$ cat input-v3.pdb   # PDB, C-alpha atoms
ATOM      1  CA  PRO P   1       0.000   0.000   0.000
ATOM      2  CA  THR P   2       1.072   3.555  -0.650
ATOM      3  CA  ALA P   3       1.203   6.331   1.920
ATOM      4  CA  PRO P   4      -1.346   9.149   1.755
ATOM      5  CA  ASN P   5      -0.549  11.810  -0.872
ATOM      6  CA  THR P   6       1.988   9.521  -2.539
ATOM      7  CA  ASN P   7       1.749   8.854  -6.236
ATOM      8  CA  PRO P   8       1.986   5.245  -7.471
ATOM      9  CA  TYR P   9       5.531   5.826  -8.765
ATOM     10  CA  GLY P  10       6.967   6.540  -5.331
ATOM     11  CA  GLY P  11       7.221  10.337  -5.408
ATOM     12  CA  ASN P  12       5.455  12.591  -2.976
ATOM     13  CA  ILE P  13       4.268  15.787  -4.621
ATOM     14  CA  THR P  14       2.921  17.104  -1.327
ATOM     15  CA  ILE P  15       6.429  17.204   0.143
ATOM     16  CA  VAL P  16       7.803  18.867  -3.007
ATOM     17  CA  ASN P  17       5.071  21.516  -2.811
ATOM     18  CA  GLN P  18       5.837  22.130   0.864
ATOM     19  CA  VAL P  19       9.546  22.579   0.122
ATOM     20  CA  HIS P  20       8.706  24.934  -2.749
ATOM     21  CA  ALA P  21       6.490  27.028  -0.447
ATOM     22  CA  ILE P  22       9.359  27.376   2.036
ATOM     23  CA  GLN P  23      11.786  28.312  -0.745
ATOM     24  CA  GLU P  24       9.388  30.978  -2.095
ATOM     25  CA  LYS P  25       8.997  32.481   1.361
ATOM     26  CA  LEU P  26      12.695  32.480   2.294
ATOM     27  CA  ASP P  27      14.064  33.730  -1.036
ATOM     28  CA  PRO P  28      11.391  35.150  -3.365
ATOM     29  CA  VAL P  29      14.051  36.819  -5.513
ATOM     30  CA  SER P  30      15.782  33.543  -6.486
ATOM     31  CA  PHE P  31      12.797  31.198  -6.502
ATOM     32  CA  VAL P  32      10.715  32.544  -9.355
ATOM     33  CA  ARG P  33       8.349  30.880 -11.802
ATOM     34  CA  PRO P  34       8.529  31.071 -15.580
ATOM     35  CA  GLU P  35       5.918  33.088 -17.416
ATOM     36  CA  GLU P  36       2.671  31.175 -17.951
ATOM     37  CA  ASP P  37       3.068  31.288 -21.741
ATOM     38  CA  ALA P  38       6.762  30.313 -21.885
ATOM     39  CA  LEU P  39       8.146  26.950 -22.948
ATOM     40  CA  VAL P  40      10.998  25.846 -20.684
ATOM     41  CA  ILE P  41      13.707  23.712 -22.263
ATOM     42  CA  HIS P  42      15.836  21.740 -19.813
ATOM     43  CA  LEU P  43      19.343  20.950 -21.079
ATOM     44  CA  ARG P  44      21.253  18.297 -19.167
ATOM     45  CA  LEU P  45      24.818  19.361 -19.758
ATOM     46  CA  GLY P  46      28.189  18.237 -18.408
ATOM     47  CA  ASP P  47      28.824  14.483 -18.326
ATOM     48  CA  ILE P  48      25.868  13.740 -20.599
ATOM     49  CA  LEU P  49      27.378  15.749 -23.465
ATOM     50  CA  GLU P  50      31.046  15.661 -22.572
ATOM     51  CA  ASN P  51      31.199  11.844 -22.490
ATOM     52  CA  ALA P  52      29.098  11.328 -25.612
ATOM     53  CA  GLN P  53      30.919   9.771 -28.544
ATOM     54  CA  ALA P  54      29.466  12.309 -30.980
ATOM     55  CA  ASN P  55      31.002  15.715 -31.603
ATOM     56  CA  VAL P  56      28.938  18.855 -31.114
ATOM     57  CA  SER P  57      28.248  19.304 -34.833
ATOM     58  CA  ASP P  58      26.765  15.817 -35.055
ATOM     59  CA  MET P  59      24.700  16.421 -31.910
ATOM     60  CA  LEU P  60      23.262  19.616 -33.361
ATOM     61  CA  ILE P  61      22.527  18.085 -36.758
ATOM     62  CA  ALA P  62      21.300  14.599 -35.869
ATOM     63  CA  GLY P  63      21.112  14.298 -32.091
ATOM     64  CA  ALA P  64      23.193  11.737 -30.230
ATOM     65  CA  ASP P  65      23.332   9.124 -27.521
ATOM     66  CA  PRO P  66      24.186  10.429 -24.033
ATOM     67  CA  GLY P  67      27.650   9.784 -22.634
ATOM     68  CA  TRP P  68      26.596   6.881 -20.423
ATOM     69  CA  LYS P  69      25.011   3.502 -20.899
ATOM     70  CA  GLY P  70      21.279   3.797 -20.503
ATOM     71  CA  ASN P  71      17.989   3.558 -22.283
ATOM     72  CA  HIS P  72      18.038   7.052 -23.768
ATOM     73  CA  ARG P  73      19.168   6.441 -27.349
ATOM     74  CA  LYS P  74      19.299   9.730 -29.200
ATOM     75  CA  GLY P  75      18.522  11.435 -25.880
ATOM     76  CA  ILE P  76      20.592  14.450 -26.928
ATOM     77  CA  LYS P  77      18.274  16.389 -29.209
ATOM     78  CA  SER P  78      19.176  18.025 -32.486
ATOM     79  CA  VAL P  79      18.374  21.646 -33.320
ATOM     80  CA  ARG P  80      15.576  20.420 -35.605
ATOM     81  CA  GLU P  81      13.999  18.429 -32.762
ATOM     82  CA  PHE P  82      14.039  21.426 -30.426
ATOM     83  CA  LEU P  83      12.547  23.700 -33.086
ATOM     84  CA  GLU P  84       9.805  21.135 -33.772
ATOM     85  CA  ASN P  85       9.088  20.873 -30.022
ATOM     86  CA  ILE P  86       8.837  24.647 -29.761
ATOM     87  CA  HIS P  87       6.598  24.920 -32.819
ATOM     88  CA  ASP P  88       4.327  22.115 -31.600
ATOM     89  CA  SER P  89       3.979  23.804 -28.184
ATOM     90  CA  GLY P  90       2.660  27.023 -29.726
ATOM     91  CA  ALA P  91       4.937  29.067 -27.454
ATOM     92  CA  GLU P  92       6.519  32.351 -28.521
ATOM     93  CA  LYS P  93       8.727  32.585 -25.423
ATOM     94  CA  VAL P  94      11.443  30.009 -24.778
ATOM     95  CA  ARG P  95      13.463  29.751 -21.574
ATOM     96  CA  ILE P  96      16.520  27.476 -21.764
ATOM     97  CA  ILE P  97      17.750  26.193 -18.402
ATOM     98  CA  GLY P  98      20.646  23.810 -17.929
ATOM     99  CA  GLY P  99      23.588  22.785 -15.881
ATOM    100  CA  SER P 100      26.170  20.197 -14.993
ATOM    101  CA  HIS P 101      27.115  18.333 -11.825
ATOM    102  CA  ARG P 102      30.797  18.836 -12.555
ATOM    103  CA  ARG P 103      32.425  22.194 -13.112
ATOM    104  CA  ASN P 104      35.259  20.766 -15.222
ATOM    105  CA  MET P 105      32.883  19.329 -17.835
ATOM    106  CA  PHE P 106      31.873  22.228 -20.031
ATOM    107  CA  MET P 107      33.625  22.332 -23.424
ATOM    108  CA  LYS P 108      30.986  20.569 -25.560
ATOM    109  CA  SER P 109      28.205  21.742 -23.261
ATOM    110  CA  ARG P 110      28.797  25.454 -23.764
ATOM    111  CA  VAL P 111      29.078  25.139 -27.528
ATOM    112  CA  TYR P 112      25.963  22.923 -27.766
ATOM    113  CA  ALA P 113      23.871  25.173 -25.505
ATOM    114  CA  GLY P 114      25.048  28.329 -27.275
ATOM    115  CA  CYS P 115      24.171  26.922 -30.684
ATOM    116  CA  ILE P 116      20.724  25.799 -29.499
ATOM    117  CA  TYR P 117      20.141  29.298 -28.112
ATOM    118  CA  ARG P 118      21.205  30.985 -31.357
ATOM    119  CA  ALA P 119      19.083  28.628 -33.484
ATOM    120  CA  VAL P 120      15.977  29.323 -31.393
ATOM    121  CA  GLN P 121      16.683  33.054 -31.557
ATOM    122  CA  ALA P 122      17.249  32.916 -35.344
ATOM    123  CA  ALA P 123      13.891  31.135 -35.696
ATOM    124  CA  GLY P 124      12.266  34.271 -34.290
ATOM    125  CA  TYR P 125      11.425  33.240 -30.749
ATOM    126  CA  ASN P 126      11.830  35.383 -27.639
ATOM    127  CA  VAL P 127      14.525  33.296 -25.932
ATOM    128  CA  THR P 128      16.657  33.525 -22.806
ATOM    129  CA  MET P 129      19.218  31.053 -21.495
ATOM    130  CA  ARG P 130      20.669  30.313 -18.055
ATOM    131  CA  ILE P 131      23.230  27.507 -17.890
ATOM    132  CA  GLU P 132      25.653  28.460 -15.130
ATOM    133  CA  GLY P 133      25.922  30.058 -11.741
ATOM    134  CA  VAL P 134      22.556  29.119 -10.249
ATOM    135  CA  HIS P 135      21.943  26.587  -7.494
ATOM    136  CA  PRO P 136      20.275  23.398  -8.829
ATOM    137  CA  ASP P 137      17.375  23.879  -6.389
ATOM    138  CA  VAL P 138      16.565  27.206  -8.060
ATOM    139  CA  ASP P 139      16.580  25.548 -11.481
ATOM    140  CA  PHE P 140      14.438  22.651 -10.241
ATOM    141  CA  TYR P 141      11.926  25.086  -8.740
ATOM    142  CA  TYR P 142      11.748  27.064 -11.999
ATOM    143  CA  ILE P 143      11.469  24.000 -14.242
ATOM    144  CA  SER P 144       8.895  22.282 -12.044
ATOM    145  CA  HIS P 145       6.584  25.292 -12.337
ATOM    146  CA  ALA P 146       6.641  25.397 -16.139
ATOM    147  CA  LYS P 147       3.305  24.970 -17.894
ATOM    148  CA  LYS P 148       5.114  23.764 -21.018
ATOM    149  CA  ILE P 149       8.422  21.893 -20.861
ATOM    150  CA  VAL P 150      10.892  19.976 -23.019
ATOM    151  CA  VAL P 151      13.234  17.749 -20.999
ATOM    152  CA  SER P 152      16.623  16.247 -21.766
ATOM    153  CA  ALA P 153      18.028  12.788 -21.208
ATOM    154  CA  ALA P 154      18.590  11.799 -17.587
TER     155      ALA P 154
END
$ encode --input "input-v3.pdb" --output "structure tokens"
Amino acid sequence: PTAPNTNPYGGNITIVNQVHAIQEKLDPVSFVRPEEDALVIHLRLGDILENAQANVSDMLIAGADPGWKGNHRKGIKSVREFLENIHDSGAEKVRIIGGSHRRNMFMKSRVYAGCIYRAVQAAGYNVTMRIEGVHPDVDFYYISHAKKIVVSAA
């Protein structure tokens, strides 16, 4: 049997909501929500891209497998896939959020993220990007409040 307020997959959204309420109260400047009409794109950077066999050009053109053994074949999306996701969402505003667990893993990640940003901008969308310098809890709060979201592998 599951505990009260627990979903069948093991997570407890009530606890997450309680933590979010505390975060909002303690630091309303950092813990903000995306605009209601924005599409949030989550980029998993760092080890996922840095350890991938593909180079950045191939990732951007055709997508790629993440840099670890798992069930996420082609989990690194191409520019075309992101643009299709954005188009299908109907959003005009795009907010790209990403990060890495490891500070020394950034070479491919920065190039990939920068190219995704520029492609979305060139396609005419109102786009912003934040990939460094923010605590992961702030990013999780922001992403979890998105009305429209595109997630990355892992």
$ residues_near_point --input "input-v3.pdb" --point "(2.4, 29.1, -15.8)" --cutoff "10 Å" --atoms "only C-alpha atoms" --output "ChimeraX atom specification"
/P:33-39,145-148
$ residues_around --input "input-v3.pdb" --residues "Asp88 in chain P" --least-positions-apart "3" --cutoff "12 Å" --atoms "all atoms listed in the file" --output "number ranges by chain"
P: 39, 81-85, 91-92, 148-150
$ residues_around --input "input-v3.pdb" --residues "Ile116 in chain P" --least-positions-apart "5" --cutoff "10 Å" --atoms "only C-alpha atoms" --output "VMD selection string"
chain P and resid 43 60 77 to 80 82 to 83 96 110 to 111 121 to 122 129
$ write_last_selection --input "input-v3.pdb" --atoms "C-alpha atoms" --output "JSON list (two decimals), in the coordinates of the input"
[["chain", "number", "residue", "atom", "x", "y", "z"],
["P", 43, "LEU", "CA", 19.34, 20.95, -21.08],
["P", 60, "LEU", "CA", 23.26, 19.62, -33.36],
["P", 77, "LYS", "CA", 18.27, 16.39, -29.21],
["P", 78, "SER", "CA", 19.18, 18.02, -32.49],
["P", 79, "VAL", "CA", 18.37, 21.65, -33.32],
["P", 80, "ARG", "CA", 15.58, 20.42, -35.60],
["P", 82, "PHE", "CA", 14.04, 21.43, -30.43],
["P", 83, "LEU", "CA", 12.55, 23.70, -33.09],
["P", 96, "ILE", "CA", 16.52, 27.48, -21.76],
["P", 110, "ARG", "CA", 28.80, 25.45, -23.76],
["P", 111, "VAL", "CA", 29.08, 25.14, -27.53],
["P", 121, "GLN", "CA", 16.68, 33.05, -31.56],
["P", 122, "ALA", "CA", 17.25, 32.92, -35.34],
["P", 129, "MET", "CA", 19.22, 31.05, -21.50]]
$ resolve_selection --input "input-v3.pdb" --expression "the PyMOL selection byres ((chain P and resi 113) around 12)" --output "PyMOL selection string"
chain P and resi 41-46+49+56-57+59-60+76-79+82+96-100+106-112+114-120+128-132
$ residues_around --input "input-v3.pdb" --residues "Val19 in chain P" --least-positions-apart "3" --cutoff "12 Å" --atoms "only C-alpha atoms" --output "list in words"
Asn12, Ile13, Thr14, Ile15, Val16, Ile22, Gln23, Glu24, Lys25, Leu26, Phe31, Asp137, Val138, Phe140 and Tyr141 of chain P
$ atom_distance --input "input-v3.pdb" --atom1 "CA of Tyr125 in chain P" --atom2 "CA of Ile143 in chain P"
18.9 Å
